[in-house]
>>> print(open('entry.cif').read())   # mmCIF, C-alpha atoms and all ligand atoms
data_my_file
#
loop_
_atom_site.label_atom_id
_atom_site.label_comp_id
_atom_site.auth_asym_id
_atom_site.auth_seq_id
_atom_site.Cartn_x
_atom_site.Cartn_y
_atom_site.Cartn_z
CA MET F 256 31.08 32.01 -4.00
CA ALA F 257 31.39 28.31 -4.86
CA LEU F 258 30.19 25.97 -2.12
CA LEU F 259 30.54 22.72 -4.05
CA THR F 260 32.79 22.20 -7.03
CA VAL F 261 32.40 18.89 -8.80
CA ASN F 262 35.14 17.92 -11.21
CA ASN F 263 35.05 15.09 -13.74
CA ILE F 264 32.94 12.56 -11.83
CA LYS F 265 32.62 9.19 -13.53
CA THR F 266 30.31 6.57 -12.05
CA TYR F 267 29.89 3.30 -13.89
CA PHE F 268 27.85 0.19 -13.20
CA TYR F 269 29.23 -3.28 -13.85
CA LEU F 270 26.54 -5.78 -14.81
CA ASP F 271 26.77 -9.08 -16.68
CA GLY F 272 30.31 -8.33 -17.79
CA GLU F 273 29.30 -4.96 -19.23
CA GLU F 274 30.58 -1.53 -18.22
CA LEU F 275 27.70 0.96 -18.06
CA PRO F 276 28.68 4.67 -17.96
CA ALA F 277 25.80 6.16 -15.92
CA VAL F 278 27.68 9.38 -15.10
CA ASP F 279 30.48 10.17 -17.49
CA ASP F 280 32.90 12.96 -16.69
CA VAL F 281 30.52 15.49 -15.16
CA SER F 282 31.66 18.83 -13.71
CA PHE F 283 29.68 21.71 -12.25
CA THR F 284 29.76 24.39 -9.57
CA LEU F 285 27.10 25.06 -6.96
CA GLU F 286 27.18 28.62 -5.63
CA GLU F 287 26.26 29.55 -2.05
CA ASN F 288 22.52 30.26 -1.59
CA LYS F 289 21.80 29.39 -5.21
CA THR F 290 19.77 26.66 -6.89
CA LEU F 291 21.37 24.54 -9.56
CA ALA F 292 18.92 22.47 -11.59
CA MET F 293 19.98 19.21 -13.19
CA ILE F 294 17.56 18.59 -16.00
CA GLY F 295 17.19 15.58 -18.27
CA GLU F 296 14.88 12.72 -19.08
CA SER F 297 14.72 9.60 -16.97
CA GLY F 298 18.00 7.70 -17.22
CA SER F 299 20.21 10.72 -17.91
CA GLY F 300 22.23 10.16 -14.72
CA LYS F 301 20.90 12.84 -12.37
CA SER F 302 20.23 10.52 -9.43
CA VAL F 303 23.45 8.56 -9.78
CA LEU F 304 25.35 11.86 -9.90
CA VAL F 305 23.98 13.15 -6.58
CA LEU F 306 24.33 9.71 -4.96
CA SER F 307 27.98 9.73 -6.07
CA ILE F 308 28.54 13.08 -4.35
CA MET F 309 26.86 11.79 -1.18
CA GLY F 310 28.99 8.63 -1.14
CA LEU F 311 25.90 6.46 -1.55
CA VAL F 312 26.70 4.47 -4.68
CA ASP F 313 26.70 0.76 -3.96
CA LYS F 314 27.87 -2.22 -5.98
CA PRO F 315 27.51 -2.93 -8.87
CA GLY F 316 28.16 0.82 -9.17
CA LYS F 317 31.53 2.47 -8.65
CA VAL F 318 32.72 6.06 -8.61
CA LEU F 319 35.80 5.73 -10.78
CA GLN F 320 37.18 9.25 -10.72
CA GLY F 321 36.51 12.85 -9.90
CA GLU F 322 36.31 15.18 -6.95
CA ALA F 323 33.56 16.98 -5.06
CA LEU F 324 35.18 19.91 -3.28
CA TYR F 325 32.89 21.08 -0.52
CA GLY F 326 33.23 24.19 1.66
CA ASP F 327 34.09 27.80 0.99
CA SER F 328 37.34 28.50 2.84
CA VAL F 329 39.21 25.16 2.97
CA PRO F 330 37.28 22.82 0.66
CA ARG F 331 37.33 19.09 1.39
CA ASP F 332 36.95 16.42 -1.27
CA LEU F 333 33.82 14.49 -0.28
CA LEU F 334 34.85 11.58 -2.48
CA LYS F 335 37.99 11.06 -0.41
CA LEU F 336 36.44 11.32 3.06
CA LYS F 337 36.25 8.28 5.33
CA GLU F 338 32.70 6.96 5.79
CA ARG F 339 32.80 8.11 9.45
CA ASP F 340 33.52 11.70 8.37
CA MET F 341 30.99 11.58 5.55
CA GLN F 342 28.30 10.53 8.01
CA LYS F 343 28.89 13.75 9.93
CA ILE F 344 28.22 15.74 6.75
CA ARG F 345 25.35 13.66 5.35
CA GLY F 346 21.99 14.79 6.77
CA ASN F 347 23.74 17.53 8.71
CA GLU F 348 25.54 19.83 6.28
CA ILE F 349 24.23 18.23 3.10
CA ALA F 350 20.72 16.79 3.21
CA MET F 351 18.69 15.03 0.59
CA ILE F 352 15.03 14.59 -0.24
CA TYR F 353 13.72 12.00 -2.66
CA GLN F 354 10.80 11.55 -5.02
CA ASP F 355 9.05 9.05 -2.77
CA PRO F 356 8.82 10.11 0.90
CA MET F 357 7.82 6.59 1.90
CA SER F 358 11.26 5.33 0.89
CA THR F 359 12.74 7.54 3.62
CA LEU F 360 10.02 7.62 6.28
CA ASN F 361 9.66 4.63 8.58
CA PRO F 362 5.98 3.62 8.40
CA LEU F 363 6.01 2.38 12.01
CA ILE F 364 7.40 5.47 13.74
CA PRO F 365 5.39 8.67 14.45
CA VAL F 366 6.45 11.50 12.16
CA GLY F 367 7.40 13.85 15.01
CA LYS F 368 9.76 11.22 16.42
CA GLN F 369 11.38 10.77 13.01
CA ILE F 370 12.07 14.48 12.67
CA GLU F 371 13.41 14.54 16.23
CA GLU F 372 15.66 11.60 15.37
CA ALA F 373 17.28 13.70 12.63
CA LEU F 374 18.32 16.18 15.34
CA LEU F 375 19.42 13.45 17.76
CA ILE F 376 21.66 11.69 15.24
CA HIS F 377 23.70 14.83 14.88
CA LYS F 378 23.52 15.59 18.62
CA LYS F 379 21.99 19.00 18.09
CA GLY F 380 20.41 19.82 21.47
CA ASN F 381 18.83 18.45 24.62
CA LYS F 382 15.50 16.60 24.67
CA LYS F 383 13.39 19.64 25.48
CA GLU F 384 15.04 21.86 22.88
CA ASN F 385 14.70 19.15 20.25
CA ARG F 386 10.98 18.70 20.91
CA LYS F 387 10.47 22.46 20.60
CA LYS F 388 12.56 22.62 17.43
CA THR F 389 10.68 19.65 15.92
CA LEU F 390 7.31 21.30 16.49
CA GLN F 391 8.68 24.51 14.99
CA LEU F 392 9.99 22.61 11.96
CA MET F 393 6.58 20.99 11.46
CA GLU F 394 4.98 24.44 11.55
CA ASP F 395 7.65 25.82 9.20
CA VAL F 396 6.87 23.21 6.55
CA GLY F 397 3.14 23.88 6.80
CA ILE F 398 1.83 21.31 9.30
CA SER F 399 -0.20 23.76 11.33
CA ASP F 400 -1.49 21.44 14.06
CA ALA F 401 2.01 20.15 14.85
CA GLN F 402 1.41 19.32 18.51
CA GLU F 403 -1.58 17.10 17.71
CA ARG F 404 0.04 15.46 14.70
CA PHE F 405 3.41 14.75 16.33
CA MET F 406 2.50 11.14 17.20
CA ASP F 407 0.70 10.33 13.93
CA LEU F 408 2.19 7.65 11.68
CA PRO F 409 3.18 8.57 8.08
CA SER F 410 0.15 6.64 6.75
CA LYS F 411 -2.12 9.29 8.30
CA PHE F 412 -0.71 11.94 5.95
CA SER F 413 -1.32 12.63 2.25
CA GLY F 414 1.56 12.39 -0.27
CA GLY F 415 2.12 16.15 -0.18
CA MET F 416 2.12 16.23 3.63
CA ARG F 417 4.61 13.34 3.75
CA GLN F 418 6.86 15.29 1.43
CA ARG F 419 6.61 18.23 3.87
CA ILE F 420 7.64 15.92 6.72
CA MET F 421 10.61 14.69 4.71
CA ILE F 422 11.58 18.30 4.02
CA ALA F 423 11.36 19.04 7.77
CA MET F 424 13.73 16.11 8.44
CA ALA F 425 16.09 17.30 5.74
CA ILE F 426 16.30 20.89 6.99
CA ALA F 427 16.33 19.95 10.70
CA CYS F 428 20.07 20.49 11.04
CA ASN F 429 20.17 23.66 8.90
CA PRO F 430 22.10 22.08 6.02
CA LYS F 431 24.24 24.23 3.78
CA ILE F 432 23.15 22.19 0.76
CA LEU F 433 19.80 20.57 0.10
CA ILE F 434 19.70 18.01 -2.68
CA ALA F 435 16.17 17.51 -3.99
CA ASP F 436 15.90 14.53 -6.35
CA GLU F 437 12.65 14.88 -8.31
CA PRO F 438 10.89 16.14 -5.15
CA THR F 439 7.50 16.68 -6.77
CA THR F 440 7.33 14.05 -9.50
CA ALA F 441 5.06 11.75 -7.51
CA LEU F 442 2.64 14.53 -6.50
CA ASP F 443 -0.49 16.09 -8.04
CA VAL F 444 0.16 19.27 -10.00
CA THR F 445 -1.45 21.61 -7.44
CA ILE F 446 0.52 20.02 -4.59
CA GLN F 447 3.71 20.20 -6.69
CA ALA F 448 3.44 23.99 -6.80
CA GLU F 449 2.97 24.17 -3.02
CA ILE F 450 6.02 22.01 -2.34
CA LEU F 451 8.15 24.04 -4.75
CA ASP F 452 7.02 27.28 -3.11
CA LEU F 453 7.90 25.79 0.27
CA LEU F 454 11.38 24.81 -0.93
CA LYS F 455 11.92 28.27 -2.36
CA LYS F 456 10.81 29.93 0.89
CA LEU F 457 12.98 27.67 3.06
CA GLN F 458 15.98 28.14 0.82
CA LYS F 459 15.76 31.90 1.22
CA GLU F 460 15.12 31.80 4.97
CA GLN F 461 17.81 29.23 5.74
CA LYS F 462 20.30 30.50 3.16
CA MET F 463 20.80 27.03 1.67
CA ALA F 464 22.19 26.13 -1.70
CA MET F 465 20.13 23.57 -3.57
CA ILE F 466 20.69 20.95 -6.25
CA LEU F 467 17.36 20.24 -7.86
CA ASN F 468 17.03 17.17 -10.08
CA THR F 469 14.05 17.36 -12.38
CA HIS F 470 12.79 16.45 -15.81
CA ASP F 471 10.41 19.43 -15.76
CA LEU F 472 11.66 22.65 -17.38
CA GLY F 473 8.76 24.55 -15.82
CA VAL F 474 10.23 23.78 -12.39
CA VAL F 475 13.65 24.90 -13.58
CA LYS F 476 12.33 28.23 -14.88
CA ASP F 477 10.63 28.91 -11.59
CA MET F 478 13.40 27.84 -9.23
CA ALA F 479 16.89 27.66 -10.69
CA HIS F 480 19.70 30.18 -10.93
CA ASP F 481 21.93 27.83 -12.89
CA VAL F 482 21.17 24.85 -15.10
CA CYS F 483 22.98 21.70 -16.22
CA VAL F 484 21.26 19.79 -18.99
CA MET F 485 22.16 16.09 -18.78
CA TYR F 486 21.74 13.31 -21.31
CA CYS F 487 23.08 9.75 -21.13
CA GLY F 488 25.49 10.59 -18.32
CA LYS F 489 26.96 13.67 -20.04
CA VAL F 490 26.42 17.39 -19.50
CA MET F 491 25.04 18.65 -22.82
CA GLU F 492 24.66 22.32 -21.90
CA LYS F 493 25.42 24.42 -18.84
CA ALA F 494 24.61 28.11 -18.18
CA ALA F 495 22.69 30.53 -16.01
CA SER F 496 18.98 29.75 -16.08
CA THR F 497 18.03 33.05 -17.75
CA GLU F 498 20.58 32.40 -20.49
CA ILE F 499 19.37 28.81 -21.07
CA PHE F 500 15.78 29.99 -21.52
CA MET F 501 16.67 32.97 -23.70
CA ASN F 502 19.27 31.24 -25.78
CA PRO F 503 19.09 27.43 -25.68
CA MET F 504 21.74 26.06 -28.02
CA ASN F 505 22.14 22.31 -27.70
CA PRO F 506 19.57 20.43 -29.81
CA TYR F 507 18.65 18.34 -26.75
CA THR F 508 17.91 21.49 -24.70
CA ILE F 509 15.92 22.89 -27.64
CA GLY F 510 13.99 19.61 -27.80
CA LEU F 511 13.18 19.79 -24.10
CA MET F 512 11.99 23.38 -24.53
CA GLU F 513 9.71 22.40 -27.40
CA CYS F 514 8.11 19.80 -25.11
CA MET F 515 7.36 22.45 -22.51
CA PRO F 516 3.69 23.49 -22.31
CA GLY F 517 3.05 27.18 -22.92
CA GLN F 518 5.93 27.65 -25.35
CA GLY F 519 4.02 28.03 -28.60
CA ASN F 520 0.47 28.28 -29.85
CA PRO F 521 -1.76 26.70 -27.16
CA LYS F 522 -3.92 25.14 -29.91
CA GLU F 523 -0.95 23.33 -31.42
CA LYS F 524 0.00 19.82 -30.35
CA LEU F 525 2.98 19.69 -27.97
CA GLN F 526 6.19 18.50 -29.57
CA ALA F 527 8.01 15.46 -28.25
CA ILE F 528 11.61 14.33 -28.69
CA GLU F 529 11.32 11.26 -30.84
CA GLY F 530 12.67 7.93 -29.62
CA TYR F 531 13.97 6.90 -26.22
CA VAL F 532 16.96 7.57 -24.02
CA PRO F 533 19.30 4.69 -24.92
CA HIS F 534 20.41 2.27 -22.22
CA PRO F 535 24.06 2.74 -21.16
CA SER F 536 24.92 -0.58 -22.84
CA ASP F 537 23.72 0.91 -26.10
CA PHE F 538 24.96 4.51 -26.20
CA PRO F 539 25.65 5.78 -29.73
CA LYS F 540 29.29 5.86 -30.77
CA GLY F 541 29.42 9.61 -31.46
CA CYS F 542 27.36 12.26 -29.70
CA ARG F 543 25.08 10.49 -27.24
CA PHE F 544 22.07 12.43 -28.58
CA SER F 545 22.89 11.72 -32.23
CA SER F 546 20.39 8.85 -32.56
CA ARG F 547 17.51 11.26 -31.74
CA CYS F 548 18.89 14.58 -32.90
CA PRO F 549 16.93 16.12 -35.80
CA TYR F 550 19.98 18.17 -36.84
CA ALA F 551 22.72 15.53 -36.68
CA ILE F 552 25.38 15.55 -39.41
CA ASP F 553 27.73 12.66 -40.29
CA LYS F 554 30.40 13.67 -37.79
CA CYS F 555 27.86 13.55 -34.91
CA HIS F 556 27.43 9.80 -35.45
CA SER F 557 31.13 9.00 -35.22
CA GLN F 558 32.74 11.50 -32.81
CA LEU F 559 31.84 12.68 -29.33
CA PRO F 560 31.89 16.49 -29.05
CA GLU F 561 33.53 18.16 -26.05
CA LEU F 562 31.71 20.56 -23.75
CA VAL F 563 32.95 23.96 -24.96
CA GLU F 564 32.41 27.47 -23.54
CA VAL F 565 30.75 29.17 -26.51
CA SER F 566 30.09 32.47 -24.72
CA PRO F 567 31.01 33.58 -21.18
CA ASN F 568 29.75 30.93 -18.74
CA HIS F 569 27.65 29.18 -21.42
CA PHE F 570 28.94 25.69 -22.22
CA VAL F 571 27.58 23.55 -25.06
CA ARG F 572 28.39 20.02 -26.26
CA CYS F 573 27.48 20.10 -29.96
CA PHE F 574 29.59 20.18 -33.13
CA LEU F 575 27.05 22.28 -35.02
CA VAL F 576 26.95 25.00 -32.40
CA GLN F 577 30.71 24.97 -31.96
CA GLU F 578 31.31 25.21 -35.72
CA GLY F 579 28.56 27.78 -36.36
CA ILE F 580 26.52 25.42 -38.58
CA PRO F 581 22.85 26.50 -38.62
CA LEU F 582 20.45 23.99 -37.04
CA ILE F 583 18.22 22.79 -39.87
CA LYS F 584 15.82 19.96 -39.13
CA LYS F 585 16.00 17.08 -41.58
CA ALA F 586 12.81 16.62 -43.57
N1 LIG F 601 21.74 0.07 -9.39
C1 LIG F 601 21.89 0.21 -10.70
N2 LIG F 601 22.35 -0.82 -11.46
C2 LIG F 601 22.54 -0.66 -12.78
N3 LIG F 601 22.30 0.47 -13.48
C3 LIG F 601 21.83 1.51 -12.77
C4 LIG F 601 21.60 1.43 -11.36
N4 LIG F 601 21.13 2.65 -10.94
C5 LIG F 601 21.07 3.42 -12.06
N5 LIG F 601 21.49 2.75 -13.14
C6 LIG F 601 21.56 3.26 -14.51
O1 LIG F 601 22.22 4.51 -14.50
C7 LIG F 601 21.66 5.37 -15.49
C8 LIG F 601 21.33 6.69 -14.86
O2 LIG F 601 20.24 6.53 -13.95
P1 LIG F 601 19.69 7.68 -13.02
O3 LIG F 601 18.71 7.06 -12.07
O4 LIG F 601 20.80 8.44 -12.45
O5 LIG F 601 18.91 8.59 -14.06
P2 LIG F 601 17.99 9.83 -13.73
O6 LIG F 601 18.34 10.88 -14.70
O7 LIG F 601 18.11 10.19 -12.30
O8 LIG F 601 16.56 9.27 -14.03
P3 LIG F 601 15.34 9.09 -13.01
O9 LIG F 601 14.76 10.44 -12.85
O10 LIG F 601 14.43 8.13 -13.70
O11 LIG F 601 15.93 8.51 -11.75
C9 LIG F 601 20.42 4.65 -16.04
O12 LIG F 601 20.74 4.12 -17.31
C10 LIG F 601 20.18 3.56 -15.05
O13 LIG F 601 19.62 2.42 -15.69
#
>>> encode(input="entry.cif", output="structure tokens")
Amino acid sequence: MALLTVNNIKTYFYLDGEELPAVDDVSFTLEENKTLAMIGESGSGKSVLVLSIMGLVDKPGKVLQGEALYGDSVPRDLLKLKERDMQKIRGNEIAMIYQDPMSTLNPLIPVGKQIEEALLIHKKGNKKENRKKTLQLMEDVGISDAQERFMDLPSKFSGGMRQRIMIAMAIACNPKILIADEPTTALDVTIQAEILDLLKKLQKEQKMAMILNTHDLGVVKDMAHDVCVMYCGKVMEKAASTEIFMNPMNPYTIGLMECMPGQGNPKEKLQAIEGYVPHPSDFPKGCRFSSRCPYAIDKCHSQLPELVEVSPNHFVRCFLVQEGIPLIKKA
């Protein structure tokens, strides 16, 4: 069942007299207890999208349109809630973790106190219960000597351990949705796997739904039930994860797959998508990927394709796919 239905969100930034479409008409559904991965290179709009849903976009940004219908029986539009009501949901029913734990953790306050604070803000229990719950949360996220480490400052912990503390804060109030924005990007590869395993375990135990922003298809394959591929503020492809990996259709998705280690002959050099993600002030006139797409035809440079359901629950934004034109790379 749908827990969050996002319809047509547009979030633009206004800088130096220019209008910058960071998130441009994005829609998706997050199912209860499921993980939806948002994948795309840096600058594709993943962070701005989740900040828009959380009501955390500040000037010069503005959410111009859309709805984020949250809840299963009587859904409420998060974008229309008063800040006071949104505060009750943020950190309580919908929690977020970021790439850099130090941007969330206060360096001057012991970690145990910070986790406890997350419970206090939402008035969860009395002092004694909260202390017990905090120690349990620390154990749950893999800090085994919780009692001894309760009063330690964040600086006493490694990057991976800080991320565990941030996860403990995020899950303290048993959120229904956890938004993880590049949660492992800043960590060593071995630690990344541990944090992802932890998120997977907690999601199952706590029956949370999760939105996972990442630029790493390996993470998507391992974690996600559903996938949205984003590029330059637009959804390029959307389907169940198994379908995306078996049958990627959009040239951008195919490009991302070709960059993924372990896809082809291990002796061969990894492919890369040529060029860079354009800045929003410089998006191509037609399909946003047309300036880098190895298959682009004339039409792709002048018209923007719609996102079309090409098979049940598989949506693709590409003229070639929609018109059945075979993808042939230009020499
Ligand atoms: N405060 C801001 N002012 C102006 N432009 C912004 C601001 N925040 C984001 N943007 C622009 O919005 C676009 C989308 O950025 P966003 O951070 O959402 O991308 P992303 O896919 O999450 O990438 P990353 O993983 O690097 O954060 C980018 O072009 C970015 O430059």
>>> residues_near_ligand(input="entry.cif", ligand="ligand LIG 601 (chain F)", cutoff="8 Å", atoms="all atoms listed in the file", output="MDAnalysis selection string")
chainID F and resid 267:270 275:278 294:304 313:316 436:437 468:470 485:488 533:535
>>> write_last_selection(input="entry.cif", atoms="C-alpha atoms", output="tab-separated table (two decimals), in the coordinates of the input")
chain	number	residue	atom	x	y	z
F	267	TYR	CA	29.89	3.30	-13.89
F	268	PHE	CA	27.85	0.19	-13.20
F	269	TYR	CA	29.23	-3.28	-13.85
F	270	LEU	CA	26.54	-5.78	-14.81
F	275	LEU	CA	27.70	0.96	-18.06
F	276	PRO	CA	28.68	4.67	-17.96
F	277	ALA	CA	25.80	6.16	-15.92
F	278	VAL	CA	27.68	9.38	-15.10
F	294	ILE	CA	17.56	18.59	-16.00
F	295	GLY	CA	17.19	15.58	-18.27
F	296	GLU	CA	14.88	12.72	-19.08
F	297	SER	CA	14.72	9.60	-16.97
F	298	GLY	CA	18.00	7.70	-17.22
F	299	SER	CA	20.21	10.72	-17.91
F	300	GLY	CA	22.23	10.16	-14.72
F	301	LYS	CA	20.90	12.84	-12.37
F	302	SER	CA	20.23	10.52	-9.43
F	303	VAL	CA	23.45	8.56	-9.78
F	304	LEU	CA	25.35	11.86	-9.90
F	313	ASP	CA	26.70	0.76	-3.96
F	314	LYS	CA	27.87	-2.22	-5.98
F	315	PRO	CA	27.51	-2.93	-8.87
F	316	GLY	CA	28.16	0.82	-9.17
F	436	ASP	CA	15.90	14.53	-6.35
F	437	GLU	CA	12.65	14.88	-8.31
F	468	ASN	CA	17.03	17.17	-10.08
F	469	THR	CA	14.05	17.36	-12.38
F	470	HIS	CA	12.79	16.45	-15.81
F	485	MET	CA	22.16	16.09	-18.78
F	486	TYR	CA	21.74	13.31	-21.31
F	487	CYS	CA	23.08	9.75	-21.13
F	488	GLY	CA	25.49	10.59	-18.32
F	533	PRO	CA	19.30	4.69	-24.92
F	534	HIS	CA	20.41	2.27	-22.22
F	535	PRO	CA	24.06	2.74	-21.16
>>> closest_residue(input="entry.cif", among="F:Gln458, F:Gln447, F:Ser545, F:Ser410", to="Asn429 of chain F", atoms="only C-alpha atoms")
F:Gln458
>>> atom_distance(input="entry.cif", atom1="atom CA of Pro516 of chain F", atom2="atom CA of Val490 of chain F")
23.7 Å
>>> closest_residue(input="entry.cif", among="F:Asn568, F:Ser546, F:Ser413, F:Asn288", to="Met463 of chain F", atoms="all atoms listed in the file")
F:Asn288
>>> closest_residue(input="entry.cif", among="F:Cys573, F:Leu324, F:Leu408, F:Met341", to="Glu492 of chain F", atoms="all atoms listed in the file")
F:Cys573
>>> atom_distance(input="entry.cif", atom1="atom CA of Lys489 of chain F", atom2="atom CA of Leu562 of chain F")
9.2 Å
>>> axis_aligned_box(input="entry.cif", around="segment 568-577 of chain F", padding_each_side="3 Å", output="lines of an AutoDock Vina configuration file")
center_x = 28.8
center_y = 25.5
center_z = -26.9
size_x = 9.8
size_y = 16.9
size_z = 22.3
>>> atom_distance(input="entry.cif", atom1="atom CA of Leu451 of chain F", atom2="atom CA of Met416 of chain F")
12.9 Å
>>> residues_around(input="entry.cif", residues="segment 474-477 of chain F", least_positions_apart="5", cutoff="10 Å", atoms="all atoms listed in the file", output="list in words")
Thr290, Leu291, Ala292, Met293, Ile294, Thr439, Gln447, Ala448, Leu451, Asp452, Lys455, Leu467, Asn468, Thr469, Val482, Ser496, Thr497, Ile499 and Phe500 of chain F
>>> closest_residue(input="entry.cif", among="F:Asp332, F:Met393, F:Lys317, F:Gln461", to="Lys289 of chain F", atoms="all atoms listed in the file")
F:Gln461
>>> residues_near_point(input="entry.cif", point="(27.7, 17.3, -27.4)", cutoff="12 Å", atoms="only C-alpha atoms", output="PyMOL selection string")
chain F and resi 484-493+504-508+539+541-545+548+551+554-564+570-577
>>> closest_residue(input="entry.cif", among="F:Thr440, F:Thr445, F:Thr284, F:Gln342", to="Leu258 of chain F", atoms="only C-alpha atoms")
F:Thr284
>>> residues_around(input="entry.cif", residues="Tyr325 of chain F", least_positions_apart="6", cutoff="10 Å", atoms="all atoms listed in the file", output="NGL selection string")
:F and (257-261 or 285 or 308 or 331-334 or 349 or 432)
>>> write_last_selection(input="entry.cif", atoms="C-alpha atoms", output="JSON list (two decimals), in the coordinates of the input")
[["chain", "number", "residue", "atom", "x", "y", "z"],
["F", 257, "ALA", "CA", 31.39, 28.31, -4.86],
["F", 258, "LEU", "CA", 30.19, 25.97, -2.12],
["F", 259, "LEU", "CA", 30.54, 22.72, -4.05],
["F", 260, "THR", "CA", 32.79, 22.20, -7.03],
["F", 261, "VAL", "CA", 32.40, 18.89, -8.80],
["F", 285, "LEU", "CA", 27.10, 25.06, -6.96],
["F", 308, "ILE", "CA", 28.54, 13.08, -4.35],
["F", 331, "ARG", "CA", 37.33, 19.09, 1.39],
["F", 332, "ASP", "CA", 36.95, 16.42, -1.27],
["F", 333, "LEU", "CA", 33.82, 14.49, -0.28],
["F", 334, "LEU", "CA", 34.85, 11.58, -2.48],
["F", 349, "ILE", "CA", 24.23, 18.23, 3.10],
["F", 432, "ILE", "CA", 23.15, 22.19, 0.76]]
>>> residues_near_point(input="entry.cif", point="(37.3, 9.4, -12.9)", cutoff="9 Å", atoms="all atoms listed in the file", output="PyMOL selection string")
chain F and resi 262-266+279-280+318-322
>>> write_last_selection(input="entry.cif", atoms="C-alpha atoms", output="CSV table (one decimal), in the frame of the given file")
chain,number,residue,atom,x,y,z
F,262,ASN,CA,35.1,17.9,-11.2
F,263,ASN,CA,35.0,15.1,-13.7
F,264,ILE,CA,32.9,12.6,-11.8
F,265,LYS,CA,32.6,9.2,-13.5
F,266,THR,CA,30.3,6.6,-12.0
F,279,ASP,CA,30.5,10.2,-17.5
F,280,ASP,CA,32.9,13.0,-16.7
F,318,VAL,CA,32.7,6.1,-8.6
F,319,LEU,CA,35.8,5.7,-10.8
F,320,GLN,CA,37.2,9.2,-10.7
F,321,GLY,CA,36.5,12.8,-9.9
F,322,GLU,CA,36.3,15.2,-7.0
>>> closest_residue(input="entry.cif", among="F:Gln354, F:Thr389, F:Gln402, F:Ser566", to="Asn502 of chain F", atoms="all atoms listed in the file")
F:Ser566
>>> decode(input="entry.cif", residues="segment 459-496 of chain F", atoms="C-alpha atoms", output="PDB file, in the first residue's frame")
ATOM      1  CA  LYS F 459      12.888  -5.020   8.423  1.00  0.00           C
ATOM      2  CA  GLU F 460      12.708  -4.960  12.216  1.00  0.00           C
ATOM      3  CA  GLN F 461      10.997  -1.581  12.467  1.00  0.00           C
ATOM      4  CA  LYS F 462       8.828  -2.015   9.372  1.00  0.00           C
ATOM      5  CA  MET F 463       9.919   1.329   7.911  1.00  0.00           C
ATOM      6  CA  ALA F 464       9.692   2.495   4.346  1.00  0.00           C
ATOM      7  CA  MET F 465      12.873   4.063   3.040  1.00  0.00           C
ATOM      8  CA  ILE F 466      13.856   6.575   0.389  1.00  0.00           C
ATOM      9  CA  LEU F 467      17.487   5.996  -0.442  1.00  0.00           C
ATOM     10  CA  ASN F 468      19.349   8.639  -2.445  1.00  0.00           C
ATOM     11  CA  THR F 469      22.482   7.298  -4.050  1.00  0.00           C
ATOM     12  CA  HIS F 470      24.682   7.534  -7.100  1.00  0.00           C
ATOM     13  CA  ASP F 471      25.781   3.917  -6.619  1.00  0.00           C
ATOM     14  CA  LEU F 472      23.856   1.266  -8.568  1.00  0.00           C
ATOM     15  CA  GLY F 473      25.497  -1.456  -6.475  1.00  0.00           C
ATOM     16  CA  VAL F 474      23.700  -0.047  -3.423  1.00  0.00           C
ATOM     17  CA  VAL F 475      20.437   0.045  -5.362  1.00  0.00           C
ATOM     18  CA  LYS F 476      20.743  -3.589  -6.441  1.00  0.00           C
ATOM     19  CA  ASP F 477      21.343  -4.661  -2.879  1.00  0.00           C
ATOM     20  CA  MET F 478      18.695  -2.570  -1.147  1.00  0.00           C
ATOM     21  CA  ALA F 479      15.897  -1.246  -3.321  1.00  0.00           C
ATOM     22  CA  HIS F 480      12.494  -2.633  -4.242  1.00  0.00           C
ATOM     23  CA  ASP F 481      11.708   0.250  -6.565  1.00  0.00           C
ATOM     24  CA  VAL F 482      13.932   2.656  -8.473  1.00  0.00           C
ATOM     25  CA  CYS F 483      13.637   6.187  -9.856  1.00  0.00           C
ATOM     26  CA  VAL F 484      16.468   7.233 -12.139  1.00  0.00           C
ATOM     27  CA  MET F 485      16.909  11.019 -12.015  1.00  0.00           C
ATOM     28  CA  TYR F 486      18.819  13.344 -14.306  1.00  0.00           C
ATOM     29  CA  CYS F 487      18.812  17.148 -14.317  1.00  0.00           C
ATOM     30  CA  GLY F 488      15.722  17.356 -12.132  1.00  0.00           C
ATOM     31  CA  LYS F 489      13.661  14.908 -14.214  1.00  0.00           C
ATOM     32  CA  VAL F 490      12.729  11.263 -13.683  1.00  0.00           C
ATOM     33  CA  MET F 491      14.240   9.430 -16.664  1.00  0.00           C
ATOM     34  CA  GLU F 492      13.095   5.916 -15.784  1.00  0.00           C
ATOM     35  CA  LYS F 493      11.009   4.368 -13.027  1.00  0.00           C
ATOM     36  CA  ALA F 494      10.299   0.674 -12.316  1.00  0.00           C
ATOM     37  CA  ALA F 495      10.733  -2.160  -9.853  1.00  0.00           C
ATOM     38  CA  SER F 496      14.399  -2.741  -9.100  1.00  0.00           C
TER      39      SER F 496
END
